[in-house]
file start_39.pdb (PDB, C-alpha atoms)
ATOM      1  CA  MET A  33      11.333  47.938   0.482  1.00  0.00           C
ATOM      2  CA  LYS A  34      13.434  45.243  -1.156  1.00  0.00           C
ATOM      3  CA  LEU A  35      14.572  42.376   0.993  1.00  0.00           C
ATOM      4  CA  LYS A  36      16.016  40.116  -1.725  1.00  0.00           C
ATOM      5  CA  THR A  37      19.442  39.787  -0.121  1.00  0.00           C
ATOM      6  CA  GLN A  38      18.030  39.074   3.311  1.00  0.00           C
ATOM      7  CA  LYS A  39      15.711  36.434   1.854  1.00  0.00           C
ATOM      8  CA  ARG A  40      18.608  34.809  -0.011  1.00  0.00           C
ATOM      9  CA  LEU A  41      20.802  34.723   3.096  1.00  0.00           C
ATOM     10  CA  ALA A  42      17.968  33.386   5.276  1.00  0.00           C
ATOM     11  CA  SER A  43      17.159  30.659   2.736  1.00  0.00           C
ATOM     12  CA  SER A  44      20.789  29.520   2.643  1.00  0.00           C
ATOM     13  CA  LEU A  45      20.965  29.474   6.449  1.00  0.00           C
ATOM     14  CA  LEU A  46      17.647  27.667   6.919  1.00  0.00           C
ATOM     15  CA  LYS A  47      18.420  25.335   3.974  1.00  0.00           C
ATOM     16  CA  CYS A  48      15.176  25.904   2.120  1.00  0.00           C
ATOM     17  CA  SER A  49      13.698  27.790  -0.819  1.00  0.00           C
ATOM     18  CA  LYS A  50      13.275  31.588  -0.848  1.00  0.00           C
ATOM     19  CA  LYS A  51       9.518  30.994  -1.195  1.00  0.00           C
ATOM     20  CA  ARG A  52       9.434  29.443   2.267  1.00  0.00           C
ATOM     21  CA  ILE A  53      11.046  32.387   4.075  1.00  0.00           C
ATOM     22  CA  VAL A  54       8.624  34.575   6.058  1.00  0.00           C
ATOM     23  CA  PHE A  55       9.493  37.888   7.663  1.00  0.00           C
ATOM     24  CA  ASP A  56       7.776  39.338  10.728  1.00  0.00           C
ATOM     25  CA  THR A  57       5.859  42.357   9.347  1.00  0.00           C
ATOM     26  CA  GLU A  58       6.375  44.440  12.502  1.00  0.00           C
ATOM     27  CA  ARG A  59      10.184  44.076  12.385  1.00  0.00           C
ATOM     28  CA  LEU A  60      10.761  44.771   8.677  1.00  0.00           C
ATOM     29  CA  ASP A  61      12.962  47.840   9.392  1.00  0.00           C
ATOM     30  CA  GLU A  62      15.233  45.708  11.570  1.00  0.00           C
ATOM     31  CA  ILE A  63      15.415  43.029   8.858  1.00  0.00           C
ATOM     32  CA  LYS A  64      16.208  45.637   6.171  1.00  0.00           C
ATOM     33  CA  GLU A  65      19.190  46.918   8.175  1.00  0.00           C
ATOM     34  CA  SER A  66      20.687  43.419   8.587  1.00  0.00           C
ATOM     35  CA  ILE A  67      23.107  42.737   5.767  1.00  0.00           C
ATOM     36  CA  THR A  68      25.427  40.041   7.120  1.00  0.00           C
ATOM     37  CA  LYS A  69      24.820  36.371   7.802  1.00  0.00           C
ATOM     38  CA  LYS A  70      25.480  36.993  11.483  1.00  0.00           C
ATOM     39  CA  ASP A  71      22.680  39.580  11.598  1.00  0.00           C
ATOM     40  CA  ILE A  72      20.286  37.171   9.880  1.00  0.00           C
ATOM     41  CA  VAL A  73      21.191  34.361  12.349  1.00  0.00           C
ATOM     42  CA  GLY A  74      20.317  36.713  15.205  1.00  0.00           C
ATOM     43  CA  LEU A  75      16.940  37.534  13.625  1.00  0.00           C
ATOM     44  CA  ILE A  76      16.223  33.819  13.076  1.00  0.00           C
ATOM     45  CA  LYS A  77      16.902  33.179  16.776  1.00  0.00           C
ATOM     46  CA  ASP A  78      14.606  36.082  17.709  1.00  0.00           C
ATOM     47  CA  LYS A  79      11.950  34.554  15.408  1.00  0.00           C
ATOM     48  CA  ALA A  80      11.746  37.633  13.198  1.00  0.00           C
ATOM     49  CA  ILE A  81      12.582  35.394  10.251  1.00  0.00           C
ATOM     50  CA  LYS A  82      10.800  32.042  10.023  1.00  0.00           C
ATOM     51  CA  LYS A  83      10.622  29.075   7.685  1.00  0.00           C
ATOM     52  CA  LYS A  84       7.193  28.059   6.333  1.00  0.00           C
ATOM     53  CA  GLN A  85       6.244  24.437   6.888  1.00  0.00           C
ATOM     54  CA  THR A  86       6.111  22.197   3.815  1.00  0.00           C
ATOM     55  CA  LYS A  87       2.690  21.127   2.609  1.00  0.00           C
ATOM     56  CA  GLY A  88       3.093  17.339   2.669  1.00  0.00           C
ATOM     57  CA  ILE A  89       0.414  14.743   1.944  1.00  0.00           C
ATOM     58  CA  SER A  90      -2.470  14.284   4.333  1.00  0.00           C
ATOM     59  CA  ARG A  91      -2.781  10.830   5.942  1.00  0.00           C
ATOM     60  CA  VAL A  92      -6.386  11.415   7.066  1.00  0.00           C
ATOM     61  CA  ARG A  93      -8.003   9.400   4.271  1.00  0.00           C
ATOM     62  CA  ALA A  94      -5.402   6.644   4.532  1.00  0.00           C
ATOM     63  CA  ASN A  95      -5.905   6.369   8.303  1.00  0.00           C
ATOM     64  CA  LYS A  96      -9.685   6.249   7.839  1.00  0.00           C
ATOM     65  CA  ILE A  97      -9.333   3.327   5.416  1.00  0.00           C
ATOM     66  CA  LYS A  98      -6.906   1.620   7.816  1.00  0.00           C
ATOM     67  CA  THR A  99      -9.408   1.769  10.687  1.00  0.00           C
ATOM     68  CA  GLN A 100     -12.122   0.398   8.411  1.00  0.00           C
ATOM     69  CA  LYS A 101      -9.866  -2.507   7.412  1.00  0.00           C
ATOM     70  CA  ALA A 102      -9.079  -3.193  11.078  1.00  0.00           C
ATOM     71  CA  LYS A 103     -12.825  -3.603  11.648  1.00  0.00           C
ATOM     72  CA  GLY A 104     -12.925  -6.160   8.820  1.00  0.00           C
ATOM     73  CA  ARG A 105     -14.555  -3.911   6.214  1.00  0.00           C
ATOM     74  CA  ARG A 106     -13.438  -3.425   2.591  1.00  0.00           C
ATOM     75  CA  LYS A 107     -12.858  -7.126   1.995  1.00  0.00           C
ATOM     76  CA  GLY A 108     -15.454  -7.724  -0.696  1.00  0.00           C
ATOM     77  CA  PRO A 109     -14.804  -9.311  -4.088  1.00  0.00           C
ATOM     78  CA  GLY A 110     -13.959  -5.921  -5.603  1.00  0.00           C
ATOM     79  CA  SER A 111     -11.052  -5.431  -3.191  1.00  0.00           C
ATOM     80  CA  ARG A 112      -9.543  -8.883  -3.647  1.00  0.00           C
ATOM     81  CA  LYS A 113      -6.490  -9.547  -5.748  1.00  0.00           C
ATOM     82  CA  GLY A 114      -5.138 -13.066  -5.888  1.00  0.00           C
ATOM     83  CA  LYS A 115      -6.707 -16.420  -5.124  1.00  0.00           C
ATOM     84  CA  GLN A 116      -8.121 -17.461  -1.765  1.00  0.00           C
ATOM     85  CA  GLY A 117      -4.980 -19.487  -1.086  1.00  0.00           C
ATOM     86  CA  ALA A 118      -2.869 -16.375  -1.596  1.00  0.00           C
ATOM     87  CA  ARG A 119      -4.929 -14.345   0.847  1.00  0.00           C
ATOM     88  CA  LEU A 120      -4.865 -17.052   3.542  1.00  0.00           C
ATOM     89  CA  PRO A 121      -2.421 -19.876   2.781  1.00  0.00           C
ATOM     90  CA  LYS A 122      -3.700 -23.469   2.895  1.00  0.00           C
ATOM     91  CA  LYS A 123      -1.290 -24.334   5.679  1.00  0.00           C
ATOM     92  CA  GLN A 124      -2.460 -21.401   7.821  1.00  0.00           C
ATOM     93  CA  LYS A 125      -6.078 -22.407   7.241  1.00  0.00           C
ATOM     94  CA  TRP A 126      -5.260 -25.985   8.244  1.00  0.00           C
ATOM     95  CA  MET A 127      -3.355 -24.891  11.362  1.00  0.00           C
ATOM     96  CA  ASN A 128      -6.240 -22.684  12.498  1.00  0.00           C
ATOM     97  CA  LYS A 129      -8.747 -25.516  12.025  1.00  0.00           C
ATOM     98  CA  VAL A 130      -6.646 -28.165  13.788  1.00  0.00           C
ATOM     99  CA  ARG A 131      -5.745 -25.903  16.718  1.00  0.00           C
ATOM    100  CA  LEU A 132      -9.401 -25.007  17.236  1.00  0.00           C
ATOM    101  CA  GLN A 133     -10.482 -28.671  17.248  1.00  0.00           C
ATOM    102  CA  ARG A 134      -7.623 -29.772  19.514  1.00  0.00           C
ATOM    103  CA  ASN A 135      -8.431 -27.001  22.000  1.00  0.00           C
ATOM    104  CA  LEU A 136     -12.056 -28.121  22.049  1.00  0.00           C
ATOM    105  CA  ILE A 137     -11.268 -31.777  22.858  1.00  0.00           C
ATOM    106  CA  LYS A 138      -8.643 -30.666  25.403  1.00  0.00           C
ATOM    107  CA  LYS A 139     -11.286 -28.559  27.173  1.00  0.00           C
ATOM    108  CA  LEU A 140     -13.772 -31.458  27.067  1.00  0.00           C
ATOM    109  CA  ARG A 141     -11.170 -33.793  28.618  1.00  0.00           C
ATOM    110  CA  GLU A 142     -10.340 -31.269  31.370  1.00  0.00           C
ATOM    111  CA  ASP A 143     -14.039 -30.834  32.168  1.00  0.00           C
ATOM    112  CA  LYS A 144     -14.300 -34.665  32.280  1.00  0.00           C
ATOM    113  CA  VAL A 145     -16.946 -34.693  29.542  1.00  0.00           C
ATOM    114  CA  ILE A 146     -15.001 -37.259  27.491  1.00  0.00           C
ATOM    115  CA  VAL A 147     -12.767 -40.155  28.567  1.00  0.00           C
ATOM    116  CA  THR A 148      -9.037 -40.314  27.771  1.00  0.00           C
ATOM    117  CA  GLU A 149      -9.603 -43.181  25.276  1.00  0.00           C
ATOM    118  CA  SER A 150     -12.128 -41.193  23.279  1.00  0.00           C
ATOM    119  CA  TYR A 151      -9.817 -38.155  23.505  1.00  0.00           C
ATOM    120  CA  LYS A 152      -7.016 -40.191  21.885  1.00  0.00           C
ATOM    121  CA  LEU A 153      -9.373 -41.440  19.182  1.00  0.00           C
ATOM    122  CA  LEU A 154     -10.615 -37.912  18.407  1.00  0.00           C
ATOM    123  CA  TYR A 155      -7.065 -36.511  18.469  1.00  0.00           C
ATOM    124  CA  SER A 156      -5.895 -38.996  15.848  1.00  0.00           C
ATOM    125  CA  LYS A 157      -8.945 -38.302  13.692  1.00  0.00           C
ATOM    126  CA  ILE A 158      -8.258 -34.551  13.900  1.00  0.00           C
ATOM    127  CA  SER A 159      -4.635 -35.134  12.842  1.00  0.00           C
ATOM    128  CA  GLY A 160      -5.904 -37.142   9.879  1.00  0.00           C
ATOM    129  CA  GLY A 161      -8.184 -34.290   8.818  1.00  0.00           C
ATOM    130  CA  PHE A 162     -11.384 -36.254   9.400  1.00  0.00           C
ATOM    131  CA  PHE A 163     -13.409 -33.311  10.692  1.00  0.00           C
ATOM    132  CA  ARG A 164     -14.384 -30.385   8.482  1.00  0.00           C
ATOM    133  CA  SER A 165     -15.011 -27.990  11.363  1.00  0.00           C
ATOM    134  CA  LYS A 166     -15.670 -27.597  15.069  1.00  0.00           C
ATOM    135  CA  LYS A 167     -19.361 -28.136  14.429  1.00  0.00           C
ATOM    136  CA  HIS A 168     -18.634 -31.390  12.578  1.00  0.00           C
ATOM    137  CA  LEU A 169     -16.499 -32.575  15.520  1.00  0.00           C
ATOM    138  CA  LYS A 170     -19.282 -31.813  18.028  1.00  0.00           C
ATOM    139  CA  LEU A 171     -21.787 -33.644  15.845  1.00  0.00           C
ATOM    140  CA  TYR A 172     -19.495 -36.714  15.674  1.00  0.00           C
ATOM    141  CA  ILE A 173     -19.105 -36.741  19.464  1.00  0.00           C
ATOM    142  CA  LYS A 174     -22.879 -36.567  19.939  1.00  0.00           C
ATOM    143  CA  GLU A 175     -23.687 -39.226  17.302  1.00  0.00           C
ATOM    144  CA  ASN A 176     -21.122 -41.732  18.610  1.00  0.00           C
ATOM    145  CA  ASN A 177     -22.079 -41.192  22.277  1.00  0.00           C
ATOM    146  CA  LEU A 178     -18.555 -40.296  23.361  1.00  0.00           C
ATOM    147  CA  ILE A 179     -19.946 -38.079  26.127  1.00  0.00           C
ATOM    148  CA  LYS A 180     -19.826 -39.557  29.638  1.00  0.00           C
ATOM    149  CA  GLU A 181     -23.212 -40.251  31.230  1.00  0.00           C
ATOM    150  CA  ASN A 182     -22.380 -38.277  34.385  1.00  0.00           C
ATOM    151  CA  GLY A 183     -20.769 -35.500  32.319  1.00  0.00           C
ATOM    152  CA  LYS A 184     -21.927 -31.899  32.093  1.00  0.00           C
ATOM    153  CA  LYS A 185     -23.161 -32.041  28.485  1.00  0.00           C
TER     154      LYS A 185
END

call {"tool": "encode", "arguments": {"input": "start_39.pdb", "output": "structure tokens"}}
result
Amino acid sequence: MKLKTQKRLASSLLKCSKKRIVFDTERLDEIKESITKKDIVGLIKDKAIKKKQTKGISRVRANKIKTQKAKGRRKGPGSRKGKQGARLPKKQKWMNKVRLQRNLIKKLREDKVIVTESYKLLYSKISGGFFRSKKHLKLYIKENNLIKENGKK
């Protein structure tokens, strides 16, 4: 049973290769009798002739790696390309540090732990880049007794 013509017509109609055309084994006699494009279209609609799905590339491994990276994994020295400044720009690093410190003193002022004068002093020091980190800022506040006596801390 040769179905070369039917396969050729089906491939042109479905816009794919002849390799991807699949015939329903139970309706082969019906397919053999169809010789026009119109007949083939009818069989395609009846799902006697189908198109095989393309293989494609699996995204499973890529998605697995993506979830790992979202968790903060795979960031060791072997995975790094470029300097530290390229991975997190200096400006971004600075902005993160300053925002963190400013939020801390803002919270302390709202909780009435520090006075407005000391808030202004600390704010200007933060802008000048005096403090290395949040911890350094807290240490400075403690050492210079900027905490109110009736405050929470």

call {"tool": "resolve_selection", "arguments": {"input": "start_39.pdb", "expression": "the PyMOL selection byres ((chain A and resi 163) around 12)", "output": "list in words"}}
result
Trp126, Lys129, Val130, Leu132, Gln133, Arg134, Leu154, Tyr155, Ser156, Lys157, Ile158, Ser159, Gly160, Gly161, Phe162, Arg164, Ser165, Lys166, Lys167, His168, Leu169, Lys170, Leu171, Tyr172 and Ile173 of chain A

call {"tool": "closest_atom_pairs", "arguments": {"input": "start_39.pdb", "of": "stretch 121-148 of chain A", "to": "stretch 176-179 of chain A", "cutoff": "8 Å", "atoms": "all atoms listed in the file", "output": "tab-separated table"}}
result
residue	atom	partner	partner_atom	distance
A:Val145	CA	A:Ile179	CA	5.7
A:Ile146	CA	A:Ile179	CA	5.2
A:Val147	CA	A:Leu178	CA	7.8

call {"tool": "residues_around", "arguments": {"input": "start_39.pdb", "residues": "A:Arg40", "least_positions_apart": "5", "cutoff": "9 Å", "atoms": "only C-alpha atoms", "output": "ChimeraX atom specification"}}
result
/A:35,45,49-50,53

call {"tool": "write_last_selection", "arguments": {"input": "start_39.pdb", "atoms": "C-alpha atoms", "output": "short mmCIF file (atom, residue, chain, number, x, y, z; two decimals), in the frame of the given file"}}
result
data_model
loop_
_atom_site.label_atom_id
_atom_site.label_comp_id
_atom_site.auth_asym_id
_atom_site.auth_seq_id
_atom_site.Cartn_x
_atom_site.Cartn_y
_atom_site.Cartn_z
CA LEU A 35 14.57 42.38 0.99
CA LEU A 45 20.96 29.47 6.45
CA SER A 49 13.70 27.79 -0.82
CA LYS A 50 13.28 31.59 -0.85
CA ILE A 53 11.05 32.39 4.08
#

call {"tool": "closest_residue", "arguments": {"input": "start_39.pdb", "among": "A:Lys87, A:Lys69, A:Arg119, A:Arg141", "to": "A:Ala42", "atoms": "only C-alpha atoms"}}
result
A:Lys69

call {"tool": "closest_residue", "arguments": {"input": "start_39.pdb", "among": "A:Ile76, A:Ile97, A:Ile89, A:Leu46", "to": "A:Arg59", "atoms": "all atoms listed in the file"}}
result
A:Ile76

call {"tool": "resolve_selection", "arguments": {"input": "start_39.pdb", "expression": "the PyMOL selection byres ((chain A and resi 83) around 9)", "output": "list of chain:residue names"}}
result
A:Ala42, A:Ser43, A:Leu46, A:Cys48, A:Arg52, A:Ile53, A:Val54, A:Phe55, A:Ile81, A:Lys82, A:Lys84, A:Gln85

call {"tool": "atom_distance", "arguments": {"input": "start_39.pdb", "atom1": "atom CA of A:Arg131", "atom2": "atom CA of A:Leu153"}}
result
16.1 Å

call {"tool": "atom_distance", "arguments": {"input": "start_39.pdb", "atom1": "atom CA of A:Gly114", "atom2": "atom CA of A:Lys96"}}
result
24.1 Å

call {"tool": "closest_residue", "arguments": {"input": "start_39.pdb", "among": "A:Leu140, A:Ala94, A:Ile63, A:Leu41", "to": "A:Lys79", "atoms": "only C-alpha atoms"}}
result
A:Ile63

call {"tool": "atom_distance", "arguments": {"input": "start_39.pdb", "atom1": "atom CA of A:Thr68", "atom2": "atom CA of A:Lys51"}}
result
20.1 Å

call {"tool": "closest_residue", "arguments": {"input": "start_39.pdb", "among": "A:Thr86, A:Lys107, A:Gln38, A:Glu58", "to": "A:Val73", "atoms": "all atoms listed in the file"}}
result
A:Gln38

call {"tool": "decode", "arguments": {"input": "start_39.pdb", "residues": "stretch 43-184 of chain A", "atoms": "C-alpha atoms", "output": "compact mmCIF listing (two decimals), in the first residue's frame"}}
result
# COMPACT_ATOMS: atom_id res chain seq x y z
CA SER A 43 2.64 17.77 3.86
CA SER A 44 1.97 20.67 1.48
CA LEU A 45 -1.37 21.39 3.16
CA LEU A 46 -0.03 21.15 6.71
CA LYS A 47 3.15 23.04 5.71
CA CYS A 48 5.60 20.52 7.11
CA SER A 49 7.92 17.71 6.08
CA LYS A 50 6.66 14.34 4.78
CA LYS A 51 8.40 12.73 7.78
CA ARG A 52 6.00 14.50 10.13
CA ILE A 53 2.80 13.23 8.49
CA VAL A 54 1.04 10.41 10.37
CA PHE A 55 -1.88 8.39 9.05
CA ASP A 56 -4.53 6.74 11.21
CA THR A 57 -3.84 2.99 10.77
CA GLU A 58 -7.53 2.04 10.97
CA ARG A 59 -8.52 4.39 8.12
CA LEU A 60 -5.75 3.56 5.64
CA ASP A 61 -8.23 2.34 2.97
CA GLU A 62 -10.06 5.67 3.14
CA ILE A 63 -6.76 7.56 2.85
CA LYS A 64 -5.66 5.42 -0.13
CA GLU A 65 -8.84 6.30 -2.03
CA SER A 66 -8.37 10.06 -1.52
CA ILE A 67 -6.45 11.51 -4.43
CA THR A 68 -7.36 15.20 -4.45
CA LYS A 69 -6.38 18.00 -2.11
CA LYS A 70 -10.03 18.42 -1.15
CA ASP A 71 -10.19 14.77 -0.02
CA ILE A 72 -7.02 15.20 2.04
CA VAL A 73 -8.41 18.39 3.69
CA GLY A 74 -11.49 16.41 4.72
CA LEU A 75 -9.33 13.65 6.24
CA ILE A 76 -7.23 16.24 8.11
CA LYS A 77 -10.42 17.71 9.59
CA ASP A 78 -11.58 14.21 10.58
CA LYS A 79 -8.15 13.67 12.20
CA ALA A 80 -7.32 10.68 10.02
CA ILE A 81 -4.19 12.53 8.93
CA LYS A 82 -2.16 14.29 11.62
CA LYS A 83 1.04 16.28 11.92
CA LYS A 84 3.71 15.05 14.37
CA GLN A 85 4.89 17.61 16.89
CA THR A 86 8.44 18.91 16.50
CA LYS A 87 11.00 17.74 19.03
CA GLY A 88 12.23 21.10 20.35
CA ILE A 89 14.70 21.67 23.18
CA SER A 90 13.73 20.85 26.73
CA ARG A 91 13.73 23.78 29.19
CA VAL A 92 13.70 21.51 32.27
CA ARG A 93 17.41 21.86 33.06
CA ALA A 94 17.37 25.59 32.33
CA ASN A 95 14.36 26.12 34.61
CA LYS A 96 16.03 24.09 37.37
CA ILE A 97 19.12 26.32 37.19
CA LYS A 98 16.89 29.42 37.16
CA THR A 99 15.14 28.38 40.39
CA GLN A 100 18.51 27.68 42.00
CA LYS A 101 19.74 31.15 41.01
CA ALA A 102 16.56 32.71 42.42
CA LYS A 103 17.43 31.10 45.76
CA GLY A 104 20.88 32.72 45.59
CA ARG A 105 22.82 29.58 44.67
CA ARG A 106 25.43 29.23 41.90
CA LYS A 107 27.15 32.50 42.73
CA GLY A 108 30.55 31.17 43.73
CA PRO A 109 33.88 32.31 42.30
CA GLY A 110 33.65 29.74 39.50
CA SER A 111 30.43 31.29 38.18
CA ARG A 112 31.64 34.89 38.25
CA LYS A 113 32.73 36.77 35.18
CA GLY A 114 33.73 40.39 35.56
CA LYS A 115 34.83 42.42 38.55
CA GLN A 116 32.76 43.03 41.67
CA GLY A 117 31.91 46.51 40.41
CA ALA A 118 30.51 45.01 37.22
CA ARG A 119 28.29 42.59 39.11
CA LEU A 120 26.94 45.28 41.47
CA PRO A 121 27.87 48.82 40.41
CA LYS A 122 29.53 51.10 42.98
CA LYS A 123 26.66 53.56 42.79
CA GLN A 124 24.08 50.83 43.46
CA LYS A 125 26.13 49.60 46.41
CA TRP A 126 26.33 53.15 47.76
CA MET A 127 22.60 53.77 47.29
CA ASN A 128 21.72 50.55 49.13
CA LYS A 129 24.00 51.45 52.05
CA VAL A 130 22.78 55.05 52.37
CA ARG A 131 19.10 54.12 52.09
CA LEU A 132 19.49 51.48 54.79
CA GLN A 133 21.20 53.91 57.18
CA ARG A 134 18.72 56.73 56.50
CA ASN A 135 15.79 54.38 57.12
CA LEU A 136 17.33 53.34 60.43
CA ILE A 137 17.75 56.91 61.74
CA LYS A 138 14.27 57.81 60.44
CA LYS A 139 12.80 54.91 62.43
CA LEU A 140 14.78 55.93 65.53
CA ARG A 141 13.47 59.51 65.23
CA GLU A 142 9.86 58.30 64.81
CA ASP A 143 10.20 56.06 67.87
CA LYS A 144 11.62 59.09 69.75
CA VAL A 145 14.87 57.26 70.52
CA ILE A 146 16.98 60.12 69.13
CA VAL A 147 16.41 63.89 69.13
CA THR A 148 15.96 65.92 65.94
CA GLU A 149 19.39 67.60 66.41
CA SER A 150 21.19 64.28 66.59
CA TYR A 151 19.11 63.06 63.62
CA LYS A 152 20.37 66.01 61.55
CA LEU A 153 23.95 65.35 62.63
CA LEU A 154 23.70 61.64 61.74
CA TYR A 155 21.98 62.43 58.42
CA SER A 156 24.81 64.71 57.34
CA LYS A 157 27.41 62.15 58.39
CA ILE A 158 25.60 59.46 56.37
CA SER A 159 25.57 61.75 53.31
CA GLY A 160 29.30 62.26 53.75
CA GLY A 161 29.89 58.50 53.81
CA PHE A 162 31.16 58.47 57.39
CA PHE A 163 29.59 55.14 58.33
CA ARG A 164 30.72 51.86 56.80
CA SER A 165 27.53 49.98 57.63
CA LYS A 166 24.37 49.87 59.72
CA LYS A 167 26.32 48.21 62.50
CA HIS A 168 28.92 51.01 62.45
CA LEU A 169 26.11 53.60 62.68
CA LYS A 170 24.55 51.84 65.69
CA LEU A 171 27.94 51.65 67.38
CA TYR A 172 28.50 55.40 66.82
CA ILE A 173 25.09 56.22 68.31
CA LYS A 174 25.83 54.10 71.39
CA GLU A 175 29.38 55.45 71.90
CA ASN A 176 28.35 59.11 71.59
CA ASN A 177 25.28 58.71 73.82
CA LEU A 178 22.86 60.05 71.22
CA ILE A 179 20.07 57.89 72.67
CA LYS A 180 17.54 59.72 74.85
CA GLU A 181 17.51 58.69 78.52
CA ASN A 182 13.76 58.00 78.52
CA GLY A 183 13.99 56.27 75.13
CA LYS A 184 13.21 52.63 74.39
